[in-house]
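Asks: Below you will find the structure I want to go over with you.
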Amino acid sequence: MLKKLKRKLGYIKRGLLGIFQNNFIKSPDAPTELYSFLIGKSVKEQPIKCFKIGNGKRKLLYAFGIHGNEVGTVKLAHYFLNWAHETRAQLQDFTLFVIPCINPDGYSLAYSDPGYFEGGKTGRLNANDVDLNRNFDTPSFKQKSKWSFGENYSEKSDVYCGSHAGSEPEIQALTKFIKIEKIPTLFMFHNAGKDVMPNSIQPAQKLAKIYSKKTGFRLVKEGHWKVLRQTGTAAEWCDINNIAYIEIEGSTRWGSDWKRQKEAIKASMFESL
């Protein structure tokens, strides 16, 4: 009973904060001057847009909104795009790719029905009710898996992962783009666990430590992921394809988290050279 009450009070607190963040804090749009292109479309034919900044030798991909209910990650992407555009003269060594929202169908649903006082779970899945971060083509893929959430990821819920590995157009678009561009490093943004989780491919470990130090987010070792028993994830897919992967769990469901993550994004970016 006490645990349920504590959870409900937590939902209320976060919900009130979410109402404020969504309605009274305006986030910037992506700069219209930036070059963008489509990597694919969602189940409902919404465009999945990617922005490109620079033409340097070092390629980095920043991907946001794979879970549509994680609205704050899309806001964070727009702040990042504006910063990168304003400081592009300092980024000549890089080719930065930014995908602000991998799951536009889920994101649209989350924005119209935020579920403030239910933990903001609405819109996590795509229009086929698939958890996109369980749909990657990996040996561990299963049609049904677990979503771990709450304090120390102690709460679990069943999720549908697709009819087969890589079944969803959003994941097909993302993985095809990564292979075509031969992306060596992927930063994937979620919320709101306040964690940084690298895979086993270098320099992911080094970059994750920098990100953790700058944000104060907990650095989660690879072994902890195995305890969660996640299947068909981006982390595992990147391991198989020799891509350094850093997953960031921000601190707020509906806020951009830009002030907290800005210096970490910058520091880890330049350390990757």
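Identifiers for the structure tokens are assigned positionally: chains receive A, B, ... in sequence, residues are indexed from 1 per chain, and ligands are indexed from 1 in the order shown.
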Please provide the set of residues having any atom within 8 Å of Ser42 (chain A), restricted to only C-alpha atoms, with same-chain residues fewer than 6 positions apart removed, written as an MDAnalysis selection string.
Replies: chainID A and resid 48 103:105 169:170
Asks: With only C-alpha atoms as the counted atoms, please give the residues lying no more than 7 Å from region 235-242 of chain A, apart from itself and same-chain residues fewer than 4 positions off, as number ranges by chain.
Replies: A: 136-138, 199-201
Asks: Please produce a file of the residues just selected, as a tab-separated table (two decimals), in the first residue's frame, where the atoms kept are C-alpha atoms.
Replies:
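That gives us selection.tsv:
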chain	number	residue	atom	x	y	z
A	136	PHE	CA	16.26	-4.46	-33.70
A	137	ASP	CA	17.57	-7.48	-35.60
A	138	THR	CA	19.53	-9.25	-32.86
A	199	ASN	CA	27.89	-0.84	-24.89
A	200	SER	CA	31.12	-2.82	-25.11
A	201	ILE	CA	32.52	-1.13	-28.25
Asks: Considering only C-alpha atoms, tabulate each residue of region 148-208 of chain A that lies at most 7 Å from region 62-65 of chain A along with its nearest interatomic pair and the corresponding distance in Å to one decimal; arrange the rows by chain and ascending residue number and present them as a Markdown table.
Replies:
| residue | atom | partner | partner_atom | distance |
| --- | --- | --- | --- | --- |
| A:Leu186 | CA | A:Tyr62 | CA | 6.1 |
| A:Phe187 | CA | A:Tyr62 | CA | 4.9 |
| A:Met188 | CA | A:Ala63 | CA | 5.0 |
| A:Phe189 | CA | A:Phe64 | CA | 5.1 |
Asks: Mind pulling up the distance from CA of Val159 (chain A) to CA of Ser145 (chain A)?
Replies: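 Pair CA of Ser145 (chain A) / CA of Val159 (chain A) returns 5.5 Å.
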Asks: Kindly indicate which residue among A:Ile39, A:Gly68, A:Ala244, A:Leu16 lies nearest to Tyr111 (chain A), using only C-alpha atoms for the distances.
Replies: A:Gly68
Asks: Name the closest residue to Ser112 (chain A) among the candidates A:Asn82, A:Thr185, A:Asn22, A:Gln92; distances are taken between atoms, counting only C-alpha atoms.
Replies: A:Asn22
Asks: Show me a table, sorted first by chain and then by increasing residue number, of the residues of region 5-60 of chain A having an atom at most 12 Å from region 116-129 of chain A, each with its shortest atom pair and the distance in Å to one decimal, counting only C-alpha atoms and written as JSON lines.
Replies:
{"residue": "A:Arg7", "atom": "CA", "partner": "A:Gly119", "partner_atom": "CA", "distance": 9.2}
{"residue": "A:Lys8", "atom": "CA", "partner": "A:Phe117", "partner_atom": "CA", "distance": 8.0}
{"residue": "A:Leu9", "atom": "CA", "partner": "A:Phe117", "partner_atom": "CA", "distance": 9.2}
{"residue": "A:Gly10", "atom": "CA", "partner": "A:Gly119", "partner_atom": "CA", "distance": 8.4}
{"residue": "A:Tyr11", "atom": "CA", "partner": "A:Phe117", "partner_atom": "CA", "distance": 5.2}
{"residue": "A:Ile12", "atom": "CA", "partner": "A:Phe117", "partner_atom": "CA", "distance": 5.3}
{"residue": "A:Lys13", "atom": "CA", "partner": "A:Phe117", "partner_atom": "CA", "distance": 8.3}
{"residue": "A:Arg14", "atom": "CA", "partner": "A:Tyr116", "partner_atom": "CA", "distance": 7.3}
{"residue": "A:Gly15", "atom": "CA", "partner": "A:Tyr116", "partner_atom": "CA", "distance": 4.2}
{"residue": "A:Leu16", "atom": "CA", "partner": "A:Tyr116", "partner_atom": "CA", "distance": 7.3}
{"residue": "A:Leu17", "atom": "CA", "partner": "A:Tyr116", "partner_atom": "CA", "distance": 8.8}
{"residue": "A:Gly18", "atom": "CA", "partner": "A:Tyr116", "partner_atom": "CA", "distance": 6.5}
{"residue": "A:Ile19", "atom": "CA", "partner": "A:Tyr116", "partner_atom": "CA", "distance": 7.2}
{"residue": "A:Phe20", "atom": "CA", "partner": "A:Tyr116", "partner_atom": "CA", "distance": 10.7}
{"residue": "A:Gln21", "atom": "CA", "partner": "A:Tyr116", "partner_atom": "CA", "distance": 11.1}
{"residue": "A:Asn22", "atom": "CA", "partner": "A:Tyr116", "partner_atom": "CA", "distance": 10.3}
{"residue": "A:Lys41", "atom": "CA", "partner": "A:Asn126", "partner_atom": "CA", "distance": 11.8}
{"residue": "A:Ser42", "atom": "CA", "partner": "A:Asn126", "partner_atom": "CA", "distance": 8.1}
{"residue": "A:Val43", "atom": "CA", "partner": "A:Ala127", "partner_atom": "CA", "distance": 6.0}
{"residue": "A:Lys44", "atom": "CA", "partner": "A:Ala127", "partner_atom": "CA", "distance": 6.9}
{"residue": "A:Glu45", "atom": "CA", "partner": "A:Ala127", "partner_atom": "CA", "distance": 10.3}
{"residue": "A:Gln46", "atom": "CA", "partner": "A:Ala127", "partner_atom": "CA", "distance": 10.8}
Asks: Output N, CA and C atoms for every residue in that selection, as a tab-separated table (two decimals), in the first residue's frame.
Replies:
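Final output, saved to part-v4.tsv:
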chain	number	residue	atom	x	y	z
A	7	ARG	N	4.30	5.79	-5.32
A	7	ARG	CA	4.32	5.86	-6.77
A	7	ARG	C	3.31	6.88	-7.28
A	8	LYS	N	2.11	6.89	-6.70
A	8	LYS	CA	1.08	7.83	-7.13
A	8	LYS	C	1.49	9.27	-6.86
A	9	LEU	N	2.07	9.50	-5.71
A	9	LEU	CA	2.54	10.86	-5.38
A	9	LEU	C	3.65	11.29	-6.34
A	10	GLY	N	4.50	10.34	-6.71
A	10	GLY	CA	5.54	10.63	-7.68
A	10	GLY	C	4.97	11.01	-9.03
A	11	TYR	N	3.92	10.31	-9.46
A	11	TYR	CA	3.26	10.62	-10.72
A	11	TYR	C	2.65	12.02	-10.68
A	12	ILE	N	2.04	12.35	-9.56
A	12	ILE	CA	1.42	13.67	-9.43
A	12	ILE	C	2.47	14.78	-9.51
A	13	LYS	N	3.56	14.57	-8.79
A	13	LYS	CA	4.64	15.57	-8.79
A	13	LYS	C	5.21	15.76	-10.20
A	14	ARG	N	5.51	14.64	-10.88
A	14	ARG	CA	6.07	14.73	-12.22
A	14	ARG	C	5.05	15.26	-13.22
A	15	GLY	N	3.78	14.92	-13.00
A	15	GLY	CA	2.73	15.40	-13.89
A	15	GLY	C	2.57	16.91	-13.83
A	16	LEU	N	2.60	17.46	-12.63
A	16	LEU	CA	2.49	18.91	-12.47
A	16	LEU	C	3.68	19.61	-13.12
A	17	LEU	N	4.86	19.02	-12.95
A	17	LEU	CA	6.05	19.58	-13.60
A	17	LEU	C	5.91	19.49	-15.12
A	18	GLY	N	5.37	18.37	-15.59
A	18	GLY	CA	5.18	18.20	-17.02
A	18	GLY	C	4.22	19.20	-17.62
A	19	ILE	N	3.14	19.49	-16.92
A	19	ILE	CA	2.18	20.50	-17.38
A	19	ILE	C	2.87	21.85	-17.53
A	20	PHE	N	3.70	22.19	-16.56
A	20	PHE	CA	4.44	23.45	-16.62
A	20	PHE	C	5.42	23.45	-17.80
A	21	GLN	N	6.17	22.35	-17.94
A	21	GLN	CA	7.18	22.29	-18.99
A	21	GLN	C	6.58	22.31	-20.39
A	22	ASN	N	5.43	21.65	-20.56
A	22	ASN	CA	4.81	21.58	-21.88
A	22	ASN	C	4.05	22.84	-22.26
A	41	LYS	N	9.87	6.77	-43.41
A	41	LYS	CA	8.57	7.20	-42.89
A	41	LYS	C	8.09	6.22	-41.84
A	42	SER	N	7.20	6.72	-40.98
A	42	SER	CA	6.64	5.91	-39.91
A	42	SER	C	5.50	5.03	-40.44
A	43	VAL	N	4.93	4.26	-39.57
A	43	VAL	CA	3.79	3.42	-39.93
A	43	VAL	C	2.67	4.25	-40.55
A	44	LYS	N	2.43	5.42	-39.98
A	44	LYS	CA	1.37	6.31	-40.47
A	44	LYS	C	1.87	7.30	-41.52
A	45	GLU	N	3.00	6.98	-42.13
A	45	GLU	CA	3.55	7.77	-43.22
A	45	GLU	C	4.04	9.16	-42.81
A	46	GLN	N	4.32	9.33	-41.52
A	46	GLN	CA	4.93	10.58	-41.09
A	46	GLN	C	6.43	10.55	-41.42
Asks: Could you tell me which of A:Leu2, A:Met269, A:Asp29, A:Lys75 comes closest to Leu96 (chain A) if we count only C-alpha atoms?
Replies: A:Met269
Asks: Work out how far apart CA of Lys4 (chain A) and CA of Ser157 (chain A) are and give it in Å to one decimal.
Replies: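 So the two atoms, CA of Lys4 (chain A) and CA of Ser157 (chain A), lie 15.7 Å apart.
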Asks: Distance CA of Ile25 (chain A)-CA of Lys6 (chain A), one decimal place?
Replies: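 Result for CA of Ile25 (chain A) versus CA of Lys6 (chain A): 27.4 Å, one decimal.
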Asks: As an MDAnalysis selection string, please: every residue in region 4-125 of chain A that a backbone DSSP assignment puts in strand (DSSP E or B).
Replies: chainID A and resid 35:41 47:53 58:64 94:99
Asks: For Glu70 (chain A), find every residue with an atom within 7 Å (counting only C-alpha atoms), except residues of its own chain fewer than 5 positions away, and show them as a count of residues only.
Replies: 5
Asks: Choose the residue, out of A:Lys214, A:His78, A:Arg229, A:Lys206, that has the smallest atom-to-atom separation from Pro100 (chain A); count only C-alpha atoms.
Replies: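 Going through A:Lys214, A:His78, A:Arg229, A:Lys206 one by one, the smallest distance to Pro100 (chain A) is for A:His78.
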Asks: Skipping near chain neighbours, those fewer than 6 positions away, what residues fall within 9 Å of Ser36 (chain A) using only C-alpha atoms, listed as a ChimeraX atom specification?
Replies: /A:49-52
